[in-house]
Amino acid sequence: MYAKYDGLIFDMDGTLLDTEPTHRKAWDDVLGRYGMRFDLQAMVALNGSPTWRIAQAVIELNHADLDPYQLAREKTDAVKAMLLDTVRPLPLIDVVKDWHGRRPMSVGTGSESAVAEALLNHLGLRRYFSAVVAADHVKNHKPAPDTFLLCAKLMGVPAEKCVVFEDADFGIQAARDAGMAAVDVRLL
């Protein structure tokens with residue numbers, strides 16, 4: 001099915017790894033310190049966005065006067081403290097294992113590189129990917145195509161020869177805007 005593509009690109013959170021419950025718990029913990037809340041539907045709609053952008057939306061929702069970058073750092077620290085014990089691979093990891101060594105593969109994630117690298121290494125999955133492009137590697141985040149275009153460049157594969165596996169609307173849009181095929185894993 002994917003044989004016509006020369007490069008495979010995978011989103012991480014919600015696509016390769018079941019990180020959502022951990023991210024929600026970290027947001028609950030951090031926002032609770034400030035007496036703030038988040039709307040779950042709004043949070044889901046922002047899947048694939050960098051943490052600071054989600055923090056900005058939460059700050060606006062709560063009419064708070066906080067620095068979104070500082071709030072994002074606090075949330076990232078909370079995630080790091082619990083991720084390695086809680087996150088497990090999702091079934092799509094079988095596609096990665098099946099295609100390992102047959103096509104170059106990379107991860108394009110809205111998570112920070114420290115989190116992505118730590119998770120992939122901890123779970124023994126980093127070796128499958130020639131590149132990991134994270135939020136701190138690009139200026140323009142999903143839905144901009146920059147993350148996936150950098151993945152293609154690092155794999156040495158033209159964008160139009162890549163397929164992206166994604167679980168978020170922002171990511172699907174980013175893949176299409178990059179000229180890549182997109183597989184919405186929510187439909188698998």
# chains A, B, ... in the order shown; residues from 1 in each chain; ligands from 1
>>> closest_atom_pairs(of="segment 56-90 of chain A", to="segment 16-25 of chain A", cutoff="10 Å", atoms="only C-alpha atoms", output="tab-separated table")
residue	atom	partner	partner_atom	distance
A:Lys75	CA	A:His23	CA	8.2
A:Thr76	CA	A:His23	CA	8.7
A:Ala78	CA	A:His23	CA	8.7
A:Val79	CA	A:His23	CA	6.3
A:Lys80	CA	A:Thr22	CA	9.6
A:Met82	CA	A:Thr22	CA	7.2
A:Leu83	CA	A:Thr22	CA	6.5
A:Leu84	CA	A:Thr22	CA	9.9
A:Asp85	CA	A:Thr22	CA	9.7
A:Thr86	CA	A:Thr22	CA	6.9
A:Val87	CA	A:Thr19	CA	5.6
A:Arg88	CA	A:Asp18	CA	5.6
A:Pro89	CA	A:Leu17	CA	4.4
A:Leu90	CA	A:Leu17	CA	5.2
>>> closest_atom_pairs(of="segment 76-185 of chain A", to="segment 28-52 of chain A", cutoff="6 Å", atoms="only C-alpha atoms", output="Markdown table")
| residue | atom | partner | partner_atom | distance |
| --- | --- | --- | --- | --- |
| A:Gly110 | CA | A:Pro50 | CA | 4.8 |
| A:Ala135 | CA | A:Pro50 | CA | 5.9 |
| A:Ala168 | CA | A:Asn47 | CA | 5.8 |
>>> select_by_dssp(residues="segment 8-169 of chain A", states="helix (DSSP H, G or I)", output="ChimeraX atom specification")
/A:20-33,40-45,51-61,68-86,93-99,113-122,126-128,135-137,146-155,159-161,169
>>> residues_around(residues="Pro68 of chain A", least_positions_apart="6", cutoff="10 Å", atoms="only C-alpha atoms", output="list in words")
Thr51, Trp52, Arg53, Ile54, Ala55, Gln56, Ala57, Val58, Ile59, Glu60 and Glu74 of chain A
>>> closest_residue(among="A:Ile172, A:Leu150, A:Cys162, A:Met180", to="Arg103 of chain A", atoms="only C-alpha atoms")
A:Cys162
>>> atom_distance(atom1="atom CA of Tyr2 of chain A", atom2="atom CA of Val95 of chain A")
9.6 Å
>>> closest_residue(among="A:Asp184, A:Glu112, A:Asp169, A:Asp98", to="Pro143 of chain A", atoms="only C-alpha atoms")
A:Asp169
>>> closest_residue(among="A:Ala178, A:Ala81, A:Leu188, A:Ile9", to="Thr109 of chain A", atoms="only C-alpha atoms")
A:Ile9
>>> closest_residue(among="A:Pro91, A:Gly108, A:Gly14, A:Gly171", to="Leu154 of chain A", atoms="only C-alpha atoms")
A:Gly108
>>> closest_residue(among="A:Met12, A:Ala159, A:Ala3, A:Cys151", to="Ser111 of chain A", atoms="only C-alpha atoms")
A:Met12
>>> select_by_dssp(residues="segment 10-165 of chain A", states="strand (DSSP E)", output="ChimeraX atom specification")
/A:10,105-108,131-133,162-165
>>> write_last_selection(atoms="N, CA, C and O atoms", output="PDB file, in the first residue's frame")
ATOM      1  N   PHE A  10       6.014  10.148  10.167  1.00  0.00           N
ATOM      2  CA  PHE A  10       5.025   9.858  11.201  1.00  0.00           C
ATOM      3  C   PHE A  10       4.956  10.995  12.214  1.00  0.00           C
ATOM      4  O   PHE A  10       5.983  11.427  12.739  1.00  0.00           O
ATOM      5  N   MET A 105      12.517   6.716   7.008  1.00  0.00           N
ATOM      6  CA  MET A 105      11.385   7.140   7.823  1.00  0.00           C
ATOM      7  C   MET A 105      11.839   8.214   8.797  1.00  0.00           C
ATOM      8  O   MET A 105      12.989   8.212   9.242  1.00  0.00           O
ATOM      9  N   SER A 106      10.906   9.106   9.123  1.00  0.00           N
ATOM     10  CA  SER A 106      11.198  10.159  10.094  1.00  0.00           C
ATOM     11  C   SER A 106       9.962  10.444  10.924  1.00  0.00           C
ATOM     12  O   SER A 106       8.861  10.005  10.597  1.00  0.00           O
ATOM     13  N   VAL A 107      10.184  11.189  11.995  1.00  0.00           N
ATOM     14  CA  VAL A 107       9.108  11.648  12.864  1.00  0.00           C
ATOM     15  C   VAL A 107       9.038  13.159  12.737  1.00  0.00           C
ATOM     16  O   VAL A 107      10.059  13.842  12.816  1.00  0.00           O
ATOM     17  N   GLY A 108       7.820  13.672  12.547  1.00  0.00           N
ATOM     18  CA  GLY A 108       7.575  15.111  12.523  1.00  0.00           C
ATOM     19  C   GLY A 108       6.553  15.424  13.603  1.00  0.00           C
ATOM     20  O   GLY A 108       5.391  15.090  13.461  1.00  0.00           O
ATOM     21  N   ALA A 131      15.474  10.635  11.024  1.00  0.00           N
ATOM     22  CA  ALA A 131      15.387  12.008  11.527  1.00  0.00           C
ATOM     23  C   ALA A 131      14.173  12.157  12.437  1.00  0.00           C
ATOM     24  O   ALA A 131      13.167  11.470  12.255  1.00  0.00           O
ATOM     25  N   VAL A 132      14.302  13.061  13.393  1.00  0.00           N
ATOM     26  CA  VAL A 132      13.189  13.482  14.234  1.00  0.00           C
ATOM     27  C   VAL A 132      13.164  15.004  14.175  1.00  0.00           C
ATOM     28  O   VAL A 132      14.117  15.660  14.590  1.00  0.00           O
ATOM     29  N   VAL A 133      12.087  15.545  13.620  1.00  0.00           N
ATOM     30  CA  VAL A 133      11.921  16.991  13.532  1.00  0.00           C
ATOM     31  C   VAL A 133      10.849  17.383  14.542  1.00  0.00           C
ATOM     32  O   VAL A 133       9.718  16.912  14.474  1.00  0.00           O
ATOM     33  N   CYS A 162       6.673  11.551  -0.511  1.00  0.00           N
ATOM     34  CA  CYS A 162       6.495  11.188   0.900  1.00  0.00           C
ATOM     35  C   CYS A 162       5.023  11.005   1.243  1.00  0.00           C
ATOM     36  O   CYS A 162       4.150  11.640   0.653  1.00  0.00           O
ATOM     37  N   VAL A 163       4.779  10.163   2.236  1.00  0.00           N
ATOM     38  CA  VAL A 163       3.452  10.007   2.819  1.00  0.00           C
ATOM     39  C   VAL A 163       3.578  10.282   4.315  1.00  0.00           C
ATOM     40  O   VAL A 163       4.548   9.863   4.946  1.00  0.00           O
ATOM     41  N   VAL A 164       2.601  11.018   4.833  1.00  0.00           N
ATOM     42  CA  VAL A 164       2.588  11.407   6.246  1.00  0.00           C
ATOM     43  C   VAL A 164       1.451  10.675   6.949  1.00  0.00           C
ATOM     44  O   VAL A 164       0.325  10.625   6.447  1.00  0.00           O
ATOM     45  N   PHE A 165       1.746  10.127   8.116  1.00  0.00           N
ATOM     46  CA  PHE A 165       0.743   9.485   8.968  1.00  0.00           C
ATOM     47  C   PHE A 165       0.438  10.448  10.104  1.00  0.00           C
ATOM     48  O   PHE A 165       1.343  10.812  10.862  1.00  0.00           O
TER      49      PHE A 165
END
>>> closest_residue(among="A:Glu166, A:Leu66, A:Ala134, A:Ala152", to="Ser113 of chain A", atoms="only C-alpha atoms")
A:Ala134
>>> decode(residues="segment 167-178 of chain A", atoms="N, CA and C atoms", output="PDB file, in the first residue's frame")
ATOM      1  N   ASP A 167      -2.724  12.171  13.038  1.00  0.00           N
ATOM      2  CA  ASP A 167      -3.993  11.997  13.750  1.00  0.00           C
ATOM      3  C   ASP A 167      -4.685  13.323  14.019  1.00  0.00           C
ATOM      4  N   ALA A 168      -4.187  14.421  13.461  1.00  0.00           N
ATOM      5  CA  ALA A 168      -4.754  15.733  13.744  1.00  0.00           C
ATOM      6  C   ALA A 168      -4.994  16.510  12.453  1.00  0.00           C
ATOM      7  N   ASP A 169      -6.044  17.317  12.467  1.00  0.00           N
ATOM      8  CA  ASP A 169      -6.383  18.120  11.294  1.00  0.00           C
ATOM      9  C   ASP A 169      -5.244  19.052  10.902  1.00  0.00           C
ATOM     10  N   PHE A 170      -4.558  19.673  11.903  1.00  0.00           N
ATOM     11  CA  PHE A 170      -3.424  20.545  11.597  1.00  0.00           C
ATOM     12  C   PHE A 170      -2.341  19.788  10.831  1.00  0.00           C
ATOM     13  N   GLY A 171      -2.090  18.558  11.232  1.00  0.00           N
ATOM     14  CA  GLY A 171      -1.059  17.750  10.592  1.00  0.00           C
ATOM     15  C   GLY A 171      -1.435  17.332   9.183  1.00  0.00           C
ATOM     16  N   ILE A 172      -2.696  16.968   9.001  1.00  0.00           N
ATOM     17  CA  ILE A 172      -3.181  16.595   7.662  1.00  0.00           C
ATOM     18  C   ILE A 172      -3.033  17.790   6.722  1.00  0.00           C
ATOM     19  N   GLN A 173      -3.421  18.967   7.192  1.00  0.00           N
ATOM     20  CA  GLN A 173      -3.281  20.182   6.384  1.00  0.00           C
ATOM     21  C   GLN A 173      -1.812  20.458   6.074  1.00  0.00           C
ATOM     22  N   ALA A 174      -0.939  20.299   7.072  1.00  0.00           N
ATOM     23  CA  ALA A 174       0.491  20.531   6.859  1.00  0.00           C
ATOM     24  C   ALA A 174       1.052  19.587   5.795  1.00  0.00           C
ATOM     25  N   ALA A 175       0.659  18.319   5.846  1.00  0.00           N
ATOM     26  CA  ALA A 175       1.131  17.346   4.853  1.00  0.00           C
ATOM     27  C   ALA A 175       0.668  17.736   3.456  1.00  0.00           C
ATOM     28  N   ARG A 176      -0.587  18.077   3.334  1.00  0.00           N
ATOM     29  CA  ARG A 176      -1.126  18.456   2.014  1.00  0.00           C
ATOM     30  C   ARG A 176      -0.457  19.721   1.493  1.00  0.00           C
ATOM     31  N   ASP A 177      -0.246  20.692   2.388  1.00  0.00           N
ATOM     32  CA  ASP A 177       0.421  21.928   1.965  1.00  0.00           C
ATOM     33  C   ASP A 177       1.879  21.699   1.597  1.00  0.00           C
ATOM     34  N   ALA A 178       2.464  20.622   2.099  1.00  0.00           N
ATOM     35  CA  ALA A 178       3.837  20.250   1.736  1.00  0.00           C
ATOM     36  C   ALA A 178       3.873  19.485   0.418  1.00  0.00           C
TER      37      ALA A 178
END
